[in-house]
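Colleague: Okay, here's the structure, questions in a sec.
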Amino acid sequence: MASTRAAIRYAKAILEIAGSKSAEKAVSNDMFSIATTLQNNQELSTFIQNPTIKVEVKESALLEVFAGVNQVTKSLFRLLFENKRFEILEAVAIEYNKAFDEMNGVETAKVITAIAMTPALEAKVLAKIATFSDKKITIENTIDESIIGGFILRIGDKQYNASVANRLQVLKRELSN
């Protein structure tokens with residue numbers, strides 16, 4: 001939990017620095033790239049998490065891997081180097097993008113479906129979301145075959161469950177009473 005709080009503090013500080021240099025969007029793109037790369041590349045993630053590797057080596061490796069990033073992002077690498085906190089880089093990147101989206105009025109809707117969403121289904125879900133929220137919405141789709149069909153929609157602390165599995169559970173409860 002402490003690393004999450006630390007990641008939030010680092011993310012807010014970097015967002016503030018990026019704001020002072022009018023580079024919020026460029027840094028957001030960098031942070032998305034960093035988070036995606038670390039999530040998809042287990043070897044790099046393990047390398048960063050390894051406590052036996054010197055932080056100087058980690059910093060130089062990150063500067064090579066992410067050579068095209070903004071100067072503000074490079075300053076984050078320097079800050080993590082100075083504080084020996086490279087292990088929270090992925091969390092910082094994720095928290096930065098959350099703070100950036102919040103600052104711009106963008107909210108993420110998590111949609112769980114039994115199969116991958118088609119563009120037509122995505123349009124229907126966006127129409128349904130428009131009745132719940134007046135913010136700009138981005139959809140994050142997760143596939144869970146156990147819901148059988150339909151979808152589960154989560155926006156912030158609200159949830160709309162239109163899954164077949166949920167309907168079957170409701171029917172089961174009604175029949176057992």
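Residue numbering restarts at 1 for every chain of the structure tokens, chains are lettered A, B, ... in their displayed order, and ligands are numbered from 1 as they appear.
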Counting only C-alpha atoms, what is within 9 Å of Lys12 in chain A, bar same-chain residues fewer than 6 positions away, as a PyMOL selection string?
Modeller: chain A and resi 95-96+99-100
Colleague: Which residue is closest to Pro51 in chain A? Choose from A:Ser75, A:Asn97, A:Arg85, A:Ala127 and count only C-alpha atoms.
Modeller: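 Among the listed residues, the smallest separation from Pro51 in chain A belongs to A:Arg85.
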Colleague: Which residues are near Leu15 in chain A? Cut-off 9 Å, only C-alpha atoms, ignore same chain within fewer than 2 positions. Put them as a PyMOL selection string.
Modeller: chain A and resi 10-13+17-20+23-24+27-28+96+99-100
Colleague: Please write the residues from the selection above to a file, keeping N, CA, C and O atoms, as an mmCIF file, in the first residue's frame.
Modeller:
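As written to disk, selection29.cif reads:
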```
data_model
loop_
_atom_site.group_PDB
_atom_site.id
_atom_site.type_symbol
_atom_site.label_atom_id
_atom_site.label_comp_id
_atom_site.auth_asym_id
_atom_site.auth_seq_id
_atom_site.Cartn_x
_atom_site.Cartn_y
_atom_site.Cartn_z
ATOM 1 N N TYR A 10 4.323 10.735 -6.560
ATOM 2 C CA TYR A 10 5.240 10.969 -7.684
ATOM 3 C C TYR A 10 4.459 11.386 -8.929
ATOM 4 O O TYR A 10 4.858 12.306 -9.645
ATOM 5 N N ALA A 11 3.346 10.704 -9.193
ATOM 6 C CA ALA A 11 2.540 11.012 -10.382
ATOM 7 C C ALA A 11 2.020 12.436 -10.341
ATOM 8 O O ALA A 11 2.076 13.160 -11.341
ATOM 9 N N LYS A 12 1.508 12.851 -9.182
ATOM 10 C CA LYS A 12 0.992 14.226 -9.058
ATOM 11 C C LYS A 12 2.108 15.252 -9.220
ATOM 12 O O LYS A 12 1.909 16.295 -9.847
ATOM 13 N N ALA A 13 3.281 14.950 -8.677
ATOM 14 C CA ALA A 13 4.416 15.868 -8.815
ATOM 15 C C ALA A 13 4.843 15.988 -10.276
ATOM 16 O O ALA A 13 5.083 17.102 -10.768
ATOM 17 N N ILE A 17 4.810 19.281 -12.729
ATOM 18 C CA ILE A 17 5.990 19.728 -13.484
ATOM 19 C C ILE A 17 5.659 19.787 -14.977
ATOM 20 O O ILE A 17 6.009 20.751 -15.661
ATOM 21 N N ALA A 18 4.989 18.758 -15.477
ATOM 22 C CA ALA A 18 4.608 18.732 -16.893
ATOM 23 C C ALA A 18 3.674 19.894 -17.214
ATOM 24 O O ALA A 18 3.772 20.500 -18.283
ATOM 25 N N GLY A 19 2.763 20.221 -16.281
ATOM 26 C CA GLY A 19 1.847 21.346 -16.477
ATOM 27 C C GLY A 19 2.585 22.663 -16.571
ATOM 28 O O GLY A 19 2.223 23.535 -17.371
ATOM 29 N N SER A 20 3.621 22.828 -15.765
ATOM 30 C CA SER A 20 4.384 24.072 -15.800
ATOM 31 C C SER A 20 5.163 24.222 -17.106
ATOM 32 O O SER A 20 5.513 25.326 -17.497
ATOM 33 N N ALA A 23 3.560 20.234 -21.067
ATOM 34 C CA ALA A 23 3.919 18.961 -21.689
ATOM 35 C C ALA A 23 3.087 17.807 -21.133
ATOM 36 O O ALA A 23 3.503 16.658 -21.212
ATOM 37 N N GLU A 24 1.911 18.123 -20.585
ATOM 38 C CA GLU A 24 1.098 17.077 -19.945
ATOM 39 C C GLU A 24 0.751 15.949 -20.906
ATOM 40 O O GLU A 24 0.847 14.773 -20.548
ATOM 41 N N VAL A 27 3.841 13.790 -21.876
ATOM 42 C CA VAL A 27 4.230 12.940 -20.752
ATOM 43 C C VAL A 27 3.200 11.835 -20.557
ATOM 44 O O VAL A 27 3.548 10.699 -20.238
ATOM 45 N N SER A 28 1.928 12.147 -20.792
ATOM 46 C CA SER A 28 0.887 11.122 -20.694
ATOM 47 C C SER A 28 1.133 10.008 -21.706
ATOM 48 O O SER A 28 1.004 8.823 -21.379
ATOM 49 N N TYR A 96 -0.163 8.404 -13.034
ATOM 50 C CA TYR A 96 -0.070 9.645 -13.807
ATOM 51 C C TYR A 96 -1.216 9.724 -14.810
ATOM 52 O O TYR A 96 -1.886 10.751 -14.930
ATOM 53 N N ALA A 99 -4.488 10.482 -13.104
ATOM 54 C CA ALA A 99 -4.568 11.898 -12.723
ATOM 55 C C ALA A 99 -4.754 12.788 -13.947
ATOM 56 O O ALA A 99 -5.520 13.760 -13.912
ATOM 57 N N PHE A 100 -4.076 12.452 -15.049
ATOM 58 C CA PHE A 100 -4.197 13.226 -16.284
ATOM 59 C C PHE A 100 -5.627 13.148 -16.821
ATOM 60 O O PHE A 100 -6.204 14.155 -17.214
#
```
Colleague: Which one of A:Leu126, A:Thr108, A:Leu171, A:Leu121 sits closest to Glu140 in chain A if you count only C-alpha atoms?
Modeller: A:Thr108
